[in-house]
Amino acid sequence: MGAICSYIPPSQGAENLALFPDHPIMQWRPTLYLFLCLILVLTFAARSTLPIALSSDLELMDLALVLCSLITELRSRVLARRKMPELIFKAFLSCSFVAEDRPLIDFFSRLIRSFDIEPLTYDFQEVGHLPEKVKERIVTADCLIAIATRRSKLEGSAAWSCPDWIQHEIALANAYKKPIAILLEEGVKIEGLIAMEERRQEFLRDQLLNSVDKVTRFLFNLRTYLESMTSFERMHMPVLLRHYLHVKEEIRSPELSVSRCETLMESLMEDLEAVQHKVELEDLTPGLSVKPKQFDFICKEMPAGTRVEAVTIEQSDRKFLWKAAFDPPLKKGQKVKYAFKLVRQNSRPFTREELMARIEAGTYESKEPICKACDWSISYPTSEFLFDIEFPENYEISKYACDVRMVLANLNAENELKRLREGNMFSVEKIIDKWTMSLKVAKPLQDHAYYIYYMPPRAADLHGLS
């Protein structure tokens, strides 16, 4: 009996390469793996001072150092021979933090690093609760590696439990379709999804040498899988780069909003035919619409002989979808600067009373009593994002703030928000009777949404604006 090593791939898209060694991507693996095993066997046979049952932390680290140095050297030679770039992946390491488990955790951490997978931990876990930072780190990691060690004996059973948070972190990683590598100490029981996994590798805590070749092979398979996914993603590289994206909006009245946007973009691919823009309405309050009352488009700079025009794809109360079309399609490296103006209904609640009425009716996009001034998702690599919003005269806003969230995971991006605050990228200004808010972000993160929030005034404080 011993620990179990399971590998769970994302549930959609790619195959589980770790379980299919004949996959074309894996064809070069056997030579390296057999070479690795041969070196390991010869090395350990020659090291008569290293016992089969490791009896001290020093011997455990000795084993780790030997393994890591061999693996690192072999990987370096293979990469050099195949002229491959060195990729460092990030793994969220879900594990125990008690002193008695530290040598084992350090051993696996060293072994994981030898495959250029950097294990990252967050050592403030709470029983029954996952902090927001843990969720963010799991989502942003390339995979999760769990080391489930014994915590307490299960009543009426020979099995042991592991730290409570490990199961929660595994479940979260699986929900976000992250590759998962799981090491279970002998006798540890994990309920649910992991219990149904077919691939298992057992070993004892004090007899790691007996199964270290299988663990090494498992981590090698995990590394190969991550590389294959990176190769797939490279096939879907961004099609364009925005050198800047500048947006200015005016709320002119309770009924009217005017937005102006200018962008300088560069094609990163051959034959780029168009770039789409979309405005969607999330608020379900009756009578609201994003259908433009006026839409103007102008192209300021373009390659010689290229025609750029705006083409409407869908125009309804719920969605306005259009594209900037290029004829002929852009070649890689060609740049286009264009701007557009959108006049439409101001769909935001104009007063605090209107805001609360929408929330009570259950039609508002949020349960929080707050309005969005900016809600912009960064879909392409962008060097600079600027969003300015201007309110009517004598329109007194309050409780303003900025925020950033990861679009796909719908989680707070705390590190990016910290960067905005420390860099003073969000500013609010009132000159006599007019409020403006500005968000200027250098190198905004792709697949992140940037927000500005505010509280509208009460109807009694509008001074004739309603």
# chains A, B, ... in the order shown; residues from 1 in each chain; ligands from 1

$ residues_around --residues "stretch 157-166 of chain A" --least-positions-apart "3" --cutoff "7 Å" --atoms "only C-alpha atoms" --output "ChimeraX atom specification"
/A:94-96,125-128,146,148-154,169-170,187-189

$ write_last_selection --atoms "C-alpha atoms" --output "PDB file, in the first residue's frame"
ATOM      1  CA  SER A  94      -2.137  21.650  -2.711  1.00  0.00           C
ATOM      2  CA  CYS A  95      -0.564  20.075   0.363  1.00  0.00           C
ATOM      3  CA  SER A  96      -0.201  19.843   4.125  1.00  0.00           C
ATOM      4  CA  GLN A 125      -5.897  27.483   4.024  1.00  0.00           C
ATOM      5  CA  GLU A 126      -8.966  27.282   6.222  1.00  0.00           C
ATOM      6  CA  VAL A 127     -11.051  24.173   6.901  1.00  0.00           C
ATOM      7  CA  GLY A 128     -14.255  24.261   4.850  1.00  0.00           C
ATOM      8  CA  ALA A 146      -1.926  17.698  -4.811  1.00  0.00           C
ATOM      9  CA  ALA A 148      -2.541  14.257   0.087  1.00  0.00           C
ATOM     10  CA  THR A 149      -0.814  13.117   3.269  1.00  0.00           C
ATOM     11  CA  ARG A 150      -2.375  11.541   6.342  1.00  0.00           C
ATOM     12  CA  ARG A 151      -4.258  13.884   8.655  1.00  0.00           C
ATOM     13  CA  SER A 152      -6.456  11.760  10.950  1.00  0.00           C
ATOM     14  CA  LYS A 153      -7.789   8.196  11.130  1.00  0.00           C
ATOM     15  CA  LEU A 154     -11.361   7.775   9.884  1.00  0.00           C
ATOM     16  CA  GLU A 169      -8.832  22.680  -4.181  1.00  0.00           C
ATOM     17  CA  ILE A 170      -8.871  19.537  -6.337  1.00  0.00           C
ATOM     18  CA  GLY A 187      -4.329   4.631   3.217  1.00  0.00           C
ATOM     19  CA  VAL A 188      -5.525   8.173   2.461  1.00  0.00           C
ATOM     20  CA  LYS A 189      -9.096   8.302   1.205  1.00  0.00           C
TER      21      LYS A 189
END

$ select_by_dssp --residues "stretch 260-316 of chain A" --states "strand (DSSP E)" --output "PyMOL selection string"
chain A and resi 260-267+272-280+294-301+307-315

$ write_last_selection --atoms "C-alpha atoms" --output "mmCIF file, in the first residue's frame"
data_model
loop_
_atom_site.group_PDB
_atom_site.id
_atom_site.type_symbol
_atom_site.label_atom_id
_atom_site.label_comp_id
_atom_site.auth_asym_id
_atom_site.auth_seq_id
_atom_site.Cartn_x
_atom_site.Cartn_y
_atom_site.Cartn_z
ATOM 1 C CA ARG A 260 -16.280 57.811 -28.788
ATOM 2 C CA CYS A 261 -13.520 55.279 -29.318
ATOM 3 C CA GLU A 262 -10.214 55.313 -31.206
ATOM 4 C CA THR A 263 -7.754 52.461 -31.604
ATOM 5 C CA LEU A 264 -4.477 51.782 -33.384
ATOM 6 C CA MET A 265 -4.176 48.085 -34.184
ATOM 7 C CA GLU A 266 -1.598 45.881 -35.878
ATOM 8 C CA SER A 267 -2.290 42.545 -37.541
ATOM 9 C CA LEU A 272 -6.840 39.319 -41.227
ATOM 10 C CA GLU A 273 -10.297 40.030 -42.639
ATOM 11 C CA ALA A 274 -12.073 41.864 -39.813
ATOM 12 C CA VAL A 275 -12.203 42.843 -36.131
ATOM 13 C CA GLN A 276 -15.462 42.577 -34.203
ATOM 14 C CA HIS A 277 -16.921 44.936 -31.602
ATOM 15 C CA LYS A 278 -19.837 44.119 -29.339
ATOM 16 C CA VAL A 279 -22.119 45.906 -26.880
ATOM 17 C CA GLU A 280 -24.483 43.718 -24.837
ATOM 18 C CA GLN A 294 -26.478 57.121 -34.300
ATOM 19 C CA PHE A 295 -23.320 55.282 -35.369
ATOM 20 C CA ASP A 296 -20.396 56.960 -37.140
ATOM 21 C CA PHE A 297 -17.175 55.296 -38.311
ATOM 22 C CA ILE A 298 -13.964 56.718 -39.764
ATOM 23 C CA CYS A 299 -10.647 55.138 -40.700
ATOM 24 C CA LYS A 300 -7.733 57.512 -40.106
ATOM 25 C CA GLU A 301 -4.778 55.380 -41.204
ATOM 26 C CA ARG A 307 -10.525 49.772 -47.820
ATOM 27 C CA VAL A 308 -11.806 49.727 -44.235
ATOM 28 C CA GLU A 309 -15.513 49.899 -43.463
ATOM 29 C CA ALA A 310 -17.922 49.181 -40.605
ATOM 30 C CA VAL A 311 -20.333 46.308 -41.215
ATOM 31 C CA THR A 312 -23.291 45.690 -38.877
ATOM 32 C CA ILE A 313 -23.792 42.017 -37.977
ATOM 33 C CA GLU A 314 -26.574 42.193 -35.386
ATOM 34 C CA GLN A 315 -28.598 45.132 -34.113
#

$ residues_around --residues "A:Lys367" --least-positions-apart "4" --cutoff "12 Å" --atoms "only C-alpha atoms" --output "list in words"
Asp283, Leu355, Met356, Ala357, Arg358, Ile359, Glu360, Ala361, Gly362, Thr363 and Cys371 of chain A

$ select_by_dssp --residues "stretch 307-363 of chain A" --states "helix (DSSP H, G or I)" --output "ChimeraX atom specification"
/A:352-361

$ closest_residue --among "A:Val139, A:Leu104, A:Val428, A:Leu111" --to "A:Arg205" --atoms "only C-alpha atoms"
A:Leu104

$ closest_residue --among "A:Ala171, A:Ile370, A:Leu93, A:Val247" --to "A:Glu384" --atoms "only C-alpha atoms"
A:Val247

$ closest_residue --among "A:Ile88, A:Val343, A:Ile147, A:Phe218" --to "A:Arg102" --atoms "only C-alpha atoms"
A:Ile147

$ closest_residue --among "A:Asp327, A:Glu255, A:Glu393, A:Asp271" --to "A:Lys293" --atoms "only C-alpha atoms"
A:Glu255

$ closest_residue --among "A:Gln345, A:Pro119, A:Tyr364, A:Ala91" --to "A:Leu226" --atoms "only C-alpha atoms"
A:Ala91

$ closest_residue --among "A:Leu245, A:Val336, A:Asp388, A:Ser257" --to "A:Pro444" --atoms "only C-alpha atoms"
A:Leu245

$ residues_around --residues "A:Asn415" --least-positions-apart "6" --cutoff "12 Å" --atoms "only C-alpha atoms" --output "list in words"
Glu132, Lys133, Glu136, Arg137, Thr140, Asp403, Val404, Arg405, Met406, Arg421, Glu422 and Leu445 of chain A

$ residues_around --residues "stretch 374-382 of chain A" --least-positions-apart "5" --cutoff "6 Å" --atoms "only C-alpha atoms" --output "PyMOL selection string"
chain A and resi 241-243+443+446-452

$ atom_distance --atom1 "atom CA of A:Ser316" --atom2 "atom CA of A:Pro292"
8.9 Å

$ atom_distance --atom1 "atom CA of A:Asp106" --atom2 "atom CA of A:Ala175"
27.5 Å
